[in-house]
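Participant: You'll find start_24.cif just under this line, and it carries mmCIF, C-alpha atoms.
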```
data_input
#
loop_
_atom_site.label_atom_id
_atom_site.label_comp_id
_atom_site.auth_asym_id
_atom_site.auth_seq_id
_atom_site.Cartn_x
_atom_site.Cartn_y
_atom_site.Cartn_z
CA MET A 21 139.49 113.86 159.46
CA THR A 22 142.75 112.20 160.51
CA MET A 23 143.76 108.79 159.17
CA ALA A 24 143.77 107.37 162.70
CA LYS A 25 140.11 108.31 163.12
CA LYS A 26 139.20 106.91 159.71
CA LEU A 27 140.91 103.59 160.44
CA THR A 28 139.28 103.39 163.87
CA ALA A 29 135.88 103.94 162.25
CA GLU A 30 136.57 101.18 159.71
CA PHE A 31 137.76 98.88 162.50
CA LEU A 32 134.65 99.46 164.61
CA GLY A 33 132.27 99.35 161.67
CA THR A 34 133.63 96.02 160.44
CA MET A 35 133.58 94.63 163.96
CA TRP A 36 129.90 95.58 164.17
CA LEU A 37 129.13 94.04 160.78
CA VAL A 38 130.71 90.70 161.72
CA PHE A 39 129.36 90.67 165.27
CA GLY A 40 125.84 91.62 164.19
CA GLY A 41 125.61 89.68 160.94
CA CYS A 42 127.56 86.53 161.77
CA GLY A 43 126.40 86.69 165.37
CA SER A 44 122.78 86.51 164.25
CA ALA A 45 123.62 83.38 162.26
CA VAL A 46 125.42 81.72 165.18
CA PHE A 47 123.05 82.69 167.99
CA ALA A 48 119.61 83.23 166.49
CA ALA A 49 119.18 81.64 163.05
CA ASN A 50 118.22 78.22 164.39
CA PHE A 51 117.39 79.08 167.97
CA GLY A 52 115.35 76.28 169.52
CA GLY A 53 115.70 74.06 166.47
CA ASP A 54 113.96 73.98 163.09
CA GLY A 55 110.40 75.24 163.18
CA ASN A 56 110.81 77.19 166.42
CA PRO A 57 109.08 80.56 165.98
CA LEU A 58 111.87 82.29 167.94
CA GLY A 59 114.54 81.33 165.40
CA ILE A 60 115.11 84.02 162.78
CA GLY A 61 116.19 81.70 159.92
CA PHE A 62 118.21 82.86 156.95
CA VAL A 63 115.73 85.66 156.21
CA GLY A 64 116.50 87.10 159.62
CA VAL A 65 120.23 86.70 159.07
CA ALA A 66 119.95 88.51 155.74
CA LEU A 67 118.14 91.36 157.45
CA ALA A 68 120.71 91.43 160.26
CA PHE A 69 123.57 91.93 157.80
CA GLY A 70 121.65 94.71 156.11
CA LEU A 71 120.91 96.41 159.42
CA THR A 72 124.54 96.31 160.53
CA VAL A 73 125.62 98.08 157.35
CA LEU A 74 122.75 100.56 157.52
CA THR A 75 123.43 101.50 161.14
CA GLY A 76 127.21 101.38 160.69
CA ALA A 77 127.04 103.66 157.68
CA TYR A 78 125.02 106.25 159.61
CA ALA A 79 127.39 105.95 162.59
CA PHE A 80 130.73 105.98 160.79
CA GLY A 81 130.12 106.95 157.17
CA HIS A 82 130.84 110.63 157.75
CA ILE A 83 134.20 109.67 159.30
CA SER A 84 135.66 106.99 157.03
CA GLY A 85 133.17 106.56 154.22
CA GLY A 86 131.77 103.43 155.85
CA HIS A 87 133.40 100.77 153.68
CA PHE A 88 133.71 97.92 156.26
CA ASN A 89 134.75 95.64 153.41
CA PRO A 90 137.99 95.28 151.39
CA ALA A 91 136.01 94.66 148.20
CA VAL A 92 134.17 97.95 148.68
CA SER A 93 137.44 99.80 149.21
CA VAL A 94 138.89 98.26 146.04
CA GLY A 95 135.74 99.04 144.07
CA LEU A 96 135.67 102.65 145.23
CA MET A 97 139.35 102.99 144.36
CA VAL A 98 138.72 101.65 140.83
CA GLY A 99 135.72 103.99 140.61
CA LYS A 100 137.95 106.94 141.52
CA ARG A 101 136.12 107.63 144.77
CA PHE A 102 138.93 106.48 147.10
CA PRO A 103 142.69 107.12 147.07
CA ALA A 104 144.93 104.13 146.33
CA ALA A 105 147.36 105.22 149.06
CA ASP A 106 144.72 104.51 151.71
CA LEU A 107 143.74 101.06 150.43
CA VAL A 108 146.11 98.83 152.43
CA PRO A 109 145.56 100.61 155.78
CA TYR A 110 141.79 100.40 155.29
CA ILE A 111 141.93 96.68 154.49
CA LEU A 112 144.10 95.96 157.52
CA ALA A 113 141.68 97.88 159.78
CA GLN A 114 138.73 96.00 158.29
CA VAL A 115 140.31 92.56 158.74
CA LEU A 116 141.32 93.31 162.32
CA GLY A 117 137.89 94.70 163.14
CA GLY A 118 136.24 91.62 161.68
CA LEU A 119 138.48 89.39 163.78
CA LEU A 120 137.44 91.23 166.93
CA GLY A 121 133.78 90.74 166.02
CA ALA A 122 134.33 87.01 165.47
CA PHE A 123 136.25 86.80 168.75
CA PHE A 124 133.30 88.30 170.62
CA ILE A 125 130.97 85.76 168.98
CA TYR A 126 133.27 82.90 169.91
CA ILE A 127 133.62 83.97 173.54
CA ILE A 128 129.86 84.39 173.95
CA ALA A 129 129.04 81.13 172.14
CA SER A 130 131.54 79.27 174.32
CA GLY A 131 129.37 80.13 177.31
CA GLN A 132 126.68 77.72 176.13
CA PRO A 133 127.05 74.14 177.41
CA GLY A 134 128.09 71.75 174.65
CA PHE A 135 129.18 74.46 172.23
CA ALA A 136 131.57 73.14 169.59
CA ILE A 137 132.51 74.17 166.07
CA ASP A 138 132.12 71.44 163.45
CA SER A 139 134.62 72.35 160.74
CA THR A 140 133.05 69.80 158.36
CA ALA A 141 129.55 71.32 158.45
CA ALA A 142 128.36 73.80 155.83
CA GLY A 143 128.03 77.29 157.27
CA SER A 144 129.58 76.31 160.59
CA PHE A 145 130.17 79.44 162.72
CA ALA A 146 128.75 81.48 159.80
CA THR A 147 131.59 80.52 157.45
CA ASN A 148 131.40 80.67 153.68
CA GLY A 149 132.01 77.73 151.41
CA PHE A 150 131.33 75.82 148.22
CA GLY A 151 130.80 72.16 147.39
CA ALA A 152 130.34 70.21 150.62
CA LEU A 153 130.65 73.46 152.59
CA SER A 154 127.92 75.26 150.63
CA PRO A 155 124.57 75.30 152.49
CA GLY A 156 122.88 74.14 149.28
CA GLY A 157 125.76 72.05 147.93
CA TYR A 158 126.57 74.51 145.14
CA SER A 159 129.78 74.11 143.16
CA MET A 160 132.89 76.25 143.25
CA MET A 161 131.91 77.85 139.93
CA SER A 162 128.43 78.68 141.22
CA ALA A 163 129.88 80.35 144.31
CA LEU A 164 132.48 82.21 142.25
CA ILE A 165 129.94 83.61 139.80
CA ALA A 166 127.46 84.54 142.53
CA GLU A 167 130.09 86.33 144.60
CA VAL A 168 131.49 88.25 141.61
CA VAL A 169 128.10 89.33 140.27
CA LEU A 170 126.60 90.25 143.63
CA THR A 171 129.64 92.20 144.79
CA ALA A 172 129.67 94.11 141.50
CA ILE A 173 126.01 95.01 141.97
CA PHE A 174 126.69 95.98 145.58
CA LEU A 175 129.32 98.46 144.42
CA ILE A 176 126.94 99.91 141.86
CA ILE A 177 124.32 100.37 144.60
CA ILE A 178 126.89 102.01 146.88
CA MET A 179 128.23 104.36 144.22
CA GLY A 180 124.81 105.19 142.84
CA SER A 181 123.25 105.96 146.21
CA THR A 182 126.20 108.16 147.22
CA HIS A 183 126.40 110.00 143.87
CA SER A 184 126.30 113.78 144.06
CA ARG A 185 122.94 113.74 142.24
CA ALA A 186 121.34 111.10 144.49
CA PRO A 187 118.90 112.10 147.26
CA VAL A 188 120.92 113.19 150.28
CA GLY A 189 120.85 111.12 153.46
CA PHE A 190 119.28 107.95 152.09
CA ALA A 191 122.39 106.08 150.94
CA PRO A 192 122.72 103.86 154.06
CA ILE A 193 119.13 102.67 153.59
CA ALA A 194 119.71 101.68 149.97
CA ILE A 195 123.03 100.04 150.82
CA GLY A 196 121.60 98.15 153.80
CA LEU A 197 118.59 96.91 151.84
CA GLY A 198 120.89 96.00 148.94
CA LEU A 199 123.01 93.85 151.23
CA THR A 200 119.87 92.25 152.66
CA LEU A 201 118.73 91.30 149.15
CA ILE A 202 122.19 89.96 148.31
CA HIS A 203 121.99 87.66 151.33
CA LEU A 204 118.47 86.52 150.46
CA ILE A 205 119.80 85.46 147.06
CA SER A 206 123.05 83.82 148.04
CA ILE A 207 122.92 82.37 151.55
CA PRO A 208 121.99 78.97 150.05
CA ILE A 209 124.85 79.23 147.54
CA SER A 210 127.89 80.32 149.53
CA ASN A 211 126.45 81.49 152.86
CA THR A 212 127.11 84.94 151.36
CA SER A 213 130.43 86.66 151.65
CA VAL A 214 130.77 89.66 149.28
CA ASN A 215 133.23 90.74 151.98
CA PRO A 216 136.69 89.19 152.46
CA ALA A 217 137.08 90.62 155.98
CA ARG A 218 133.82 89.00 157.11
CA SER A 219 134.85 85.66 155.57
CA THR A 220 138.35 85.73 157.05
CA ALA A 221 137.16 86.61 160.54
CA VAL A 222 135.04 83.49 161.06
CA ALA A 223 137.16 81.12 158.93
CA LEU A 224 140.14 81.65 161.23
CA PHE A 225 138.10 80.33 164.15
CA VAL A 226 136.88 77.29 162.21
CA GLY A 227 139.95 76.26 160.23
CA GLY A 228 139.74 73.15 158.06
CA GLY A 229 137.83 73.48 154.81
CA ALA A 230 136.59 76.98 155.57
CA LEU A 231 140.17 78.18 155.70
CA SER A 232 141.28 76.24 152.62
CA GLN A 233 138.37 77.71 150.62
CA LEU A 234 138.93 81.25 151.86
CA TRP A 235 140.86 82.19 148.70
CA LEU A 236 137.61 82.26 146.72
CA PHE A 237 136.02 84.68 149.17
CA TRP A 238 138.89 87.09 148.67
CA LEU A 239 139.27 86.64 144.92
CA ALA A 240 135.62 86.77 143.84
CA PRO A 241 134.52 89.81 145.90
CA ILE A 242 137.65 91.76 144.95
CA ILE A 243 137.07 91.03 141.26
CA GLY A 244 133.38 91.86 141.61
CA GLY A 245 134.12 95.06 143.49
CA ALA A 246 136.58 96.20 140.83
CA ILE A 247 134.08 95.39 138.07
CA GLY A 248 131.25 97.24 139.80
CA GLY A 249 133.44 100.24 140.57
CA GLY A 250 134.66 100.37 136.99
CA ILE A 251 131.17 100.11 135.55
CA TYR A 252 129.83 102.90 137.71
CA ALA A 253 132.83 105.12 137.06
CA TRP A 254 131.79 105.04 133.41
CA LEU A 255 128.03 104.86 133.88
CA GLY A 256 127.45 107.49 136.54
CA HIS A 257 130.45 109.78 136.32
CA GLU A 258 129.98 112.97 138.32
CA ARG A 259 130.09 116.21 136.36
CA PRO A 260 128.74 119.65 137.29
CA ASP A 261 126.92 119.99 133.99
CA ILE A 262 123.44 119.38 132.67
CA VAL A 263 121.69 116.38 134.19
CA GLY A 264 121.16 113.67 131.58
CA GLU A 265 124.07 114.66 129.35
#
```
Turn this file's structure into C-alpha coordinates for me.
Facilitator:
Amino acid sequence: MTMAKKLTAEFLGTMWLVFGGCGSAVFAANFGGDGNPLGIGFVGVALAFGLTVLTGAYAFGHISGGHFNPAVSVGLMVGKRFPAADLVPYILAQVLGGLLGAFFIYIIASGQPGFAIDSTAAGSFATNGFGALSPGGYSMMSALIAEVVLTAIFLIIIMGSTHSRAPVGFAPIAIGLGLTLIHLISIPISNTSVNPARSTAVALFVGGGALSQLWLFWLAPIIGGAIGGGIYAWLGHERPDIVGE
(Lines of atoms letter the chains of each structure in order from A and count residues from 1; the text may use other names and numbers.)
(Lines give C-alpha, C1' and ligand atoms only; values in the text may rest on other atoms or scores of the structure.)
Protein backbone atom coordinates (compact mmCIF):
# COMPACT_ATOMS: atom_id res chain seq x y z
CA MET A 1 0.00 0.00 0.00
CA THR A 2 1.41 3.41 -0.94
CA MET A 3 2.00 6.11 1.66
CA ALA A 4 -0.45 8.41 -0.13
CA LYS A 5 -3.22 5.84 0.29
CA LYS A 6 -2.33 5.25 3.94
CA LEU A 7 -2.40 8.97 4.72
CA THR A 8 -5.68 9.41 2.87
CA ALA A 9 -7.19 6.59 4.93
CA GLU A 10 -5.97 8.21 8.16
CA PHE A 11 -7.33 11.57 7.01
CA LEU A 12 -10.76 10.16 6.20
CA GLY A 13 -10.90 7.94 9.26
CA THR A 14 -10.09 10.80 11.62
CA MET A 15 -12.56 13.06 9.84
CA TRP A 16 -15.23 10.39 10.41
CA LEU A 17 -14.29 9.99 14.08
CA VAL A 18 -14.57 13.73 14.76
CA PHE A 19 -17.67 14.24 12.62
CA GLY A 20 -19.46 11.22 14.09
CA GLY A 21 -18.31 11.47 17.69
CA CYS A 22 -18.18 15.22 18.23
CA GLY A 23 -21.12 15.70 15.88
CA SER A 24 -23.28 13.49 18.06
CA ALA A 25 -22.37 15.66 21.05
CA VAL A 26 -23.16 18.91 19.23
CA PHE A 27 -26.33 17.84 17.41
CA ALA A 28 -27.93 15.04 19.40
CA ALA A 29 -26.71 14.85 23.01
CA ASN A 30 -29.19 17.40 24.33
CA PHE A 31 -31.66 17.53 21.48
CA GLY A 32 -34.91 19.08 22.66
CA GLY A 33 -33.50 19.93 26.08
CA ASP A 34 -32.89 17.88 29.22
CA GLY A 35 -35.31 15.02 29.66
CA ASN A 36 -36.32 14.85 26.00
CA PRO A 37 -36.43 11.18 24.98
CA LEU A 38 -34.95 12.05 21.56
CA GLY A 39 -31.71 13.37 23.06
CA ILE A 40 -29.00 10.72 23.24
CA GLY A 41 -27.17 12.10 26.32
CA PHE A 42 -23.57 11.29 27.14
CA VAL A 43 -24.24 7.54 26.94
CA GLY A 44 -25.23 8.03 23.32
CA VAL A 45 -22.18 10.18 22.67
CA ALA A 46 -19.95 7.50 24.17
CA LEU A 47 -21.51 4.92 21.89
CA ALA A 48 -21.16 7.23 18.88
CA PHE A 49 -17.40 7.55 19.42
CA GLY A 50 -17.10 3.80 19.73
CA LEU A 51 -19.11 3.24 16.56
CA THR A 52 -17.01 5.67 14.54
CA VAL A 53 -13.84 3.80 15.49
CA LEU A 54 -15.43 0.40 14.92
CA THR A 55 -16.74 1.30 11.47
CA GLY A 56 -13.63 3.30 10.56
CA ALA A 57 -11.36 0.42 11.53
CA TYR A 58 -13.29 -1.99 9.30
CA ALA A 59 -13.30 0.55 6.46
CA PHE A 60 -9.70 1.72 6.61
CA GLY A 61 -7.79 -0.59 8.94
CA HIS A 62 -6.53 -2.82 6.13
CA ILE A 63 -5.14 0.27 4.37
CA SER A 64 -3.46 2.34 7.09
CA GLY A 65 -3.85 0.35 10.28
CA GLY A 66 -6.76 2.54 11.37
CA HIS A 67 -5.01 4.72 13.95
CA PHE A 68 -7.07 7.95 13.58
CA ASN A 69 -5.27 9.29 16.64
CA PRO A 70 -1.72 10.64 17.22
CA ALA A 71 -1.56 8.93 20.63
CA VAL A 72 -2.32 5.58 19.01
CA SER A 73 0.39 6.13 16.41
CA VAL A 74 2.91 7.00 19.14
CA GLY A 75 1.87 4.01 21.24
CA LEU A 76 2.16 1.62 18.31
CA MET A 77 5.57 3.06 17.49
CA VAL A 78 6.76 2.53 21.08
CA GLY A 79 5.25 -0.97 20.93
CA LYS A 80 7.27 -1.70 17.78
CA ARG A 81 4.18 -2.11 15.63
CA PHE A 82 4.65 1.10 13.59
CA PRO A 83 7.72 2.65 11.94
CA ALA A 84 9.01 5.90 13.44
CA ALA A 85 9.60 7.32 9.95
CA ASP A 86 5.84 7.34 9.32
CA LEU A 87 4.86 9.01 12.60
CA VAL A 88 4.88 12.70 11.59
CA PRO A 89 3.02 12.18 8.27
CA TYR A 90 0.37 10.12 10.06
CA ILE A 91 -0.11 12.77 12.76
CA LEU A 92 -0.42 15.54 10.18
CA ALA A 93 -3.04 13.54 8.24
CA GLN A 94 -4.96 12.85 11.45
CA VAL A 95 -4.98 16.50 12.56
CA LEU A 96 -6.07 17.71 9.13
CA GLY A 97 -8.78 15.06 8.91
CA GLY A 98 -10.06 16.02 12.34
CA LEU A 99 -10.21 19.67 11.30
CA LEU A 100 -12.30 18.77 8.27
CA GLY A 101 -14.71 16.84 10.49
CA ALA A 102 -15.03 19.81 12.87
CA PHE A 103 -15.52 22.15 9.90
CA PHE A 104 -18.44 20.03 8.68
CA ILE A 105 -19.98 20.14 12.16
CA TYR A 106 -19.57 23.91 12.33
CA ILE A 107 -21.11 24.52 8.91
CA ILE A 108 -24.10 22.30 9.67
CA ALA A 109 -24.60 23.72 13.17
CA SER A 110 -24.48 27.26 11.77
CA GLY A 111 -27.62 26.45 9.81
CA GLN A 112 -29.68 26.42 13.01
CA PRO A 113 -31.15 29.80 14.01
CA GLY A 114 -29.43 31.25 17.07
CA PHE A 115 -26.43 28.94 16.91
CA ALA A 116 -23.45 30.34 18.80
CA ILE A 117 -20.39 28.85 20.47
CA ASP A 118 -19.95 29.83 24.12
CA SER A 119 -16.21 29.57 24.73
CA THR A 120 -16.75 29.85 28.51
CA ALA A 121 -19.04 26.81 28.77
CA ALA A 122 -17.73 23.36 29.70
CA GLY A 123 -17.83 21.01 26.73
CA SER A 124 -18.85 23.74 24.30
CA PHE A 125 -18.75 22.39 20.72
CA ALA A 126 -17.57 19.06 22.18
CA THR A 127 -14.31 20.54 23.49
CA ASN A 128 -12.22 19.02 26.26
CA GLY A 129 -11.27 20.82 29.43
CA PHE A 130 -10.48 20.82 33.12
CA GLY A 131 -11.44 23.05 36.03
CA ALA A 132 -14.21 25.40 34.93
CA LEU A 133 -14.20 23.76 31.48
CA SER A 134 -14.64 20.22 32.84
CA PRO A 135 -18.26 19.00 32.61
CA GLY A 136 -18.02 17.87 36.24
CA GLY A 137 -15.63 20.57 37.44
CA TYR A 138 -12.70 18.17 37.81
CA SER A 139 -9.21 19.54 38.39
CA MET A 140 -6.28 19.63 35.99
CA MET A 141 -4.65 16.73 37.86
CA SER A 142 -7.82 14.65 37.64
CA ALA A 143 -8.04 15.22 33.89
CA LEU A 144 -4.33 14.50 33.44
CA ILE A 145 -4.45 11.21 35.32
CA ALA A 146 -7.67 10.08 33.63
CA GLU A 147 -6.35 10.85 30.15
CA VAL A 148 -3.01 9.12 30.76
CA VAL A 149 -4.52 5.99 32.30
CA LEU A 150 -7.35 5.63 29.81
CA THR A 151 -5.15 6.18 26.77
CA ALA A 152 -2.68 3.61 28.09
CA ILE A 153 -5.49 1.08 28.49
CA PHE A 154 -6.79 1.96 25.03
CA LEU A 155 -3.40 1.09 23.54
CA ILE A 156 -3.33 -2.20 25.41
CA ILE A 157 -6.79 -3.03 24.04
CA ILE A 158 -5.68 -2.11 20.51
CA MET A 159 -2.45 -4.09 20.65
CA GLY A 160 -4.03 -7.06 22.38
CA SER A 161 -6.96 -7.34 19.99
CA THR A 162 -4.67 -7.07 16.95
CA HIS A 163 -2.05 -9.52 18.29
CA SER A 164 -1.17 -12.41 16.00
CA ARG A 165 -2.70 -14.83 18.52
CA ALA A 166 -5.96 -12.90 18.95
CA PRO A 167 -9.16 -14.04 17.17
CA VAL A 168 -9.05 -12.74 13.61
CA GLY A 169 -11.54 -10.11 12.48
CA PHE A 170 -12.84 -9.01 15.86
CA ALA A 171 -10.33 -6.27 16.72
CA PRO A 172 -12.51 -3.32 15.59
CA ILE A 173 -15.32 -4.52 17.86
CA ALA A 174 -13.05 -4.70 20.91
CA ILE A 175 -11.48 -1.35 20.08
CA GLY A 176 -14.83 0.35 19.47
CA LEU A 177 -16.35 -1.01 22.67
CA GLY A 178 -13.17 -0.07 24.54
CA LEU A 179 -13.48 3.52 23.36
CA THR A 180 -17.16 3.53 24.32
CA LEU A 181 -16.27 2.44 27.85
CA ILE A 182 -13.52 5.05 28.05
CA HIS A 183 -16.07 7.74 27.22
CA LEU A 184 -18.57 6.41 29.74
CA ILE A 185 -15.89 6.77 32.40
CA SER A 186 -14.44 10.13 31.50
CA ILE A 187 -16.98 12.38 29.79
CA PRO A 188 -17.79 13.95 33.19
CA ILE A 189 -14.07 14.45 33.90
CA SER A 190 -12.59 15.96 30.74
CA ASN A 191 -15.29 15.41 28.11
CA THR A 192 -12.95 12.62 26.99
CA SER A 193 -10.09 13.21 24.63
CA VAL A 194 -7.61 10.28 24.53
CA ASN A 195 -6.99 11.73 21.06
CA PRO A 196 -5.06 14.96 20.40
CA ALA A 197 -6.40 15.28 16.84
CA ARG A 198 -10.00 15.14 18.07
CA SER A 199 -9.27 17.73 20.78
CA THR A 200 -7.44 20.08 18.43
CA ALA A 201 -10.12 19.96 15.76
CA VAL A 202 -12.92 21.38 17.91
CA ALA A 203 -10.74 23.61 20.12
CA LEU A 204 -9.64 25.62 17.09
CA PHE A 205 -13.27 26.52 16.39
CA VAL A 206 -13.94 27.52 20.01
CA GLY A 207 -10.73 29.30 21.01
CA GLY A 208 -10.52 30.82 24.47
CA GLY A 209 -10.00 28.41 27.35
CA ALA A 210 -10.40 25.32 25.19
CA LEU A 211 -7.39 26.39 23.17
CA SER A 212 -5.31 27.42 26.18
CA GLN A 213 -5.95 24.03 27.82
CA LEU A 214 -5.24 22.04 24.65
CA TRP A 215 -1.67 21.30 25.78
CA LEU A 216 -2.98 18.79 28.33
CA PHE A 217 -4.94 16.92 25.67
CA TRP A 218 -1.78 16.46 23.66
CA LEU A 219 0.56 15.73 26.55
CA ALA A 220 -1.57 13.27 28.54
CA PRO A 221 -2.74 11.05 25.64
CA ILE A 222 0.75 10.94 24.13
CA ILE A 223 2.24 9.90 27.48
CA GLY A 224 -0.54 7.38 28.02
CA GLY A 225 -0.17 5.98 24.52
CA ALA A 226 3.58 5.53 24.98
CA ILE A 227 3.05 3.84 28.35
CA GLY A 228 0.40 1.49 26.98
CA GLY A 229 2.47 0.65 23.92
CA GLY A 230 5.52 -0.02 26.07
CA ILE A 231 3.62 -2.22 28.49
CA TYR A 232 2.13 -4.34 25.75
CA ALA A 233 5.43 -4.63 23.91
CA TRP A 234 6.72 -6.39 27.01
CA LEU A 235 3.53 -8.13 28.07
CA GLY A 236 2.29 -9.55 24.79
CA HIS A 237 5.36 -9.75 22.59
CA GLU A 238 4.74 -11.75 19.43
CA ARG A 239 6.87 -14.85 18.96
CA PRO A 240 6.28 -17.90 16.76
CA ASP A 241 6.90 -20.28 19.63
CA ILE A 242 4.83 -22.16 22.17
CA VAL A 243 1.76 -20.29 23.39
CA GLY A 244 2.10 -19.40 27.06
CA GLU A 245 5.90 -19.35 27.12
Participant: Taking only C-alpha atoms into account, which of A:Pro241, A:Gly43, A:Gly228, A:Gly180 comes nearest Ala142 in chain A?
Facilitator: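 Of A:Pro241, A:Gly43, A:Gly228, A:Gly180, the one nearest Ala142 in chain A is A:Gly228, counting only C-alpha atoms.
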Participant: Could you tell me how far CA of Tyr110 in chain A lies from CA of Glu30 in chain A, in Å and to one decimal?
Facilitator: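 CA of Glu30 in chain A lies 6.9 Å from CA of Tyr110 in chain A.
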Participant: Can you work out the spacing between CA of Thr212 in chain A and CA of Asn50 in chain A in Å, to one decimal?
Facilitator: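 Taking CA of Thr212 in chain A and CA of Asn50 in chain A, their separation equals 17.1 Å.
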Participant: Would you write out, as CSV, a table of all residues in range 129-152 of chain A that have an atom no more than 10 Å from an atom of range 159-169 of chain A, listing for each the closest atom pair and the distance in Å to one decimal, considering only C-alpha atoms and ordering rows by chain and rising residue number?
Facilitator:
```
residue,atom,partner,partner_atom,distance
A:Asn148,CA,A:Ala163,CA,9.5
A:Gly149,CA,A:Ala163,CA,7.9
A:Phe150,CA,A:Met160,CA,5.2
A:Gly151,CA,A:Ser159,CA,4.8
A:Ala152,CA,A:Ser159,CA,8.4
```
Participant: So what does the PyMOL selection byres ((chain A and resi 120-127) around 8) actually pick up in this one, as a list of chain:residue names?
Facilitator: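 Checked against the file, the PyMOL selection byres ((chain A and resi 120-127) around 8) matches A:Thr34, A:Met35, A:Trp36, A:Leu37, A:Val38, A:Phe39, A:Cys42, A:Gly43, A:Val46, A:Leu116, A:Gly117, A:Gly118, A:Leu119, A:Ile128, A:Ala129, A:Ser130, A:Gly131, A:Ala221, A:Val222, A:Phe225.
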Participant: Apply the PyMOL selection byres ((chain A and resi 208) around 6) to the file shown and report the selected residues as a PyMOL selection string.
Facilitator: chain A and resi 155-156+206-207+209+211
Participant: Which value, in Å to one decimal, gives the distance between CA of Val92 in chain A and CA of Leu234 in chain A?
Facilitator: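 Answer for the CA of Val92 in chain A to CA of Leu234 in chain A separation: 17.7 Å.
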Participant: I need the output of the PyMOL selection byres ((chain A and resi 90) around 10) for this file as a ChimeraX atom specification; which residues are they?
Facilitator: /A:87-89,91-96,107-108,110-115,214-218,238,241-242,245
Participant: Pick from A:Leu71, A:Gly134, A:Leu58, A:Phe174: nearest to Gly244 in chain A, with only C-alpha atoms counted?
Facilitator: A:Phe174
Participant: Looking at all atoms listed in the file, which of A:Ser154, A:Gly99, A:Ile202, A:Leu170 is the one that sits closest to Ile251 in chain A?
Facilitator: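 Ranked by minimum distance to Ile251 in chain A, first place goes to A:Gly99.
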Participant: Show me, as lines of an AutoDock Vina configuration file, the centre and edge lengths in Å to one decimal of the axis-aligned box that covers every listed atom of range 89-102 of chain A with 6 Å on each side.
Facilitator:
```
center_x = 136.8
center_y = 101.1
center_z = 147.0
size_x = 17.2
size_y = 25.0
size_z = 24.8
```
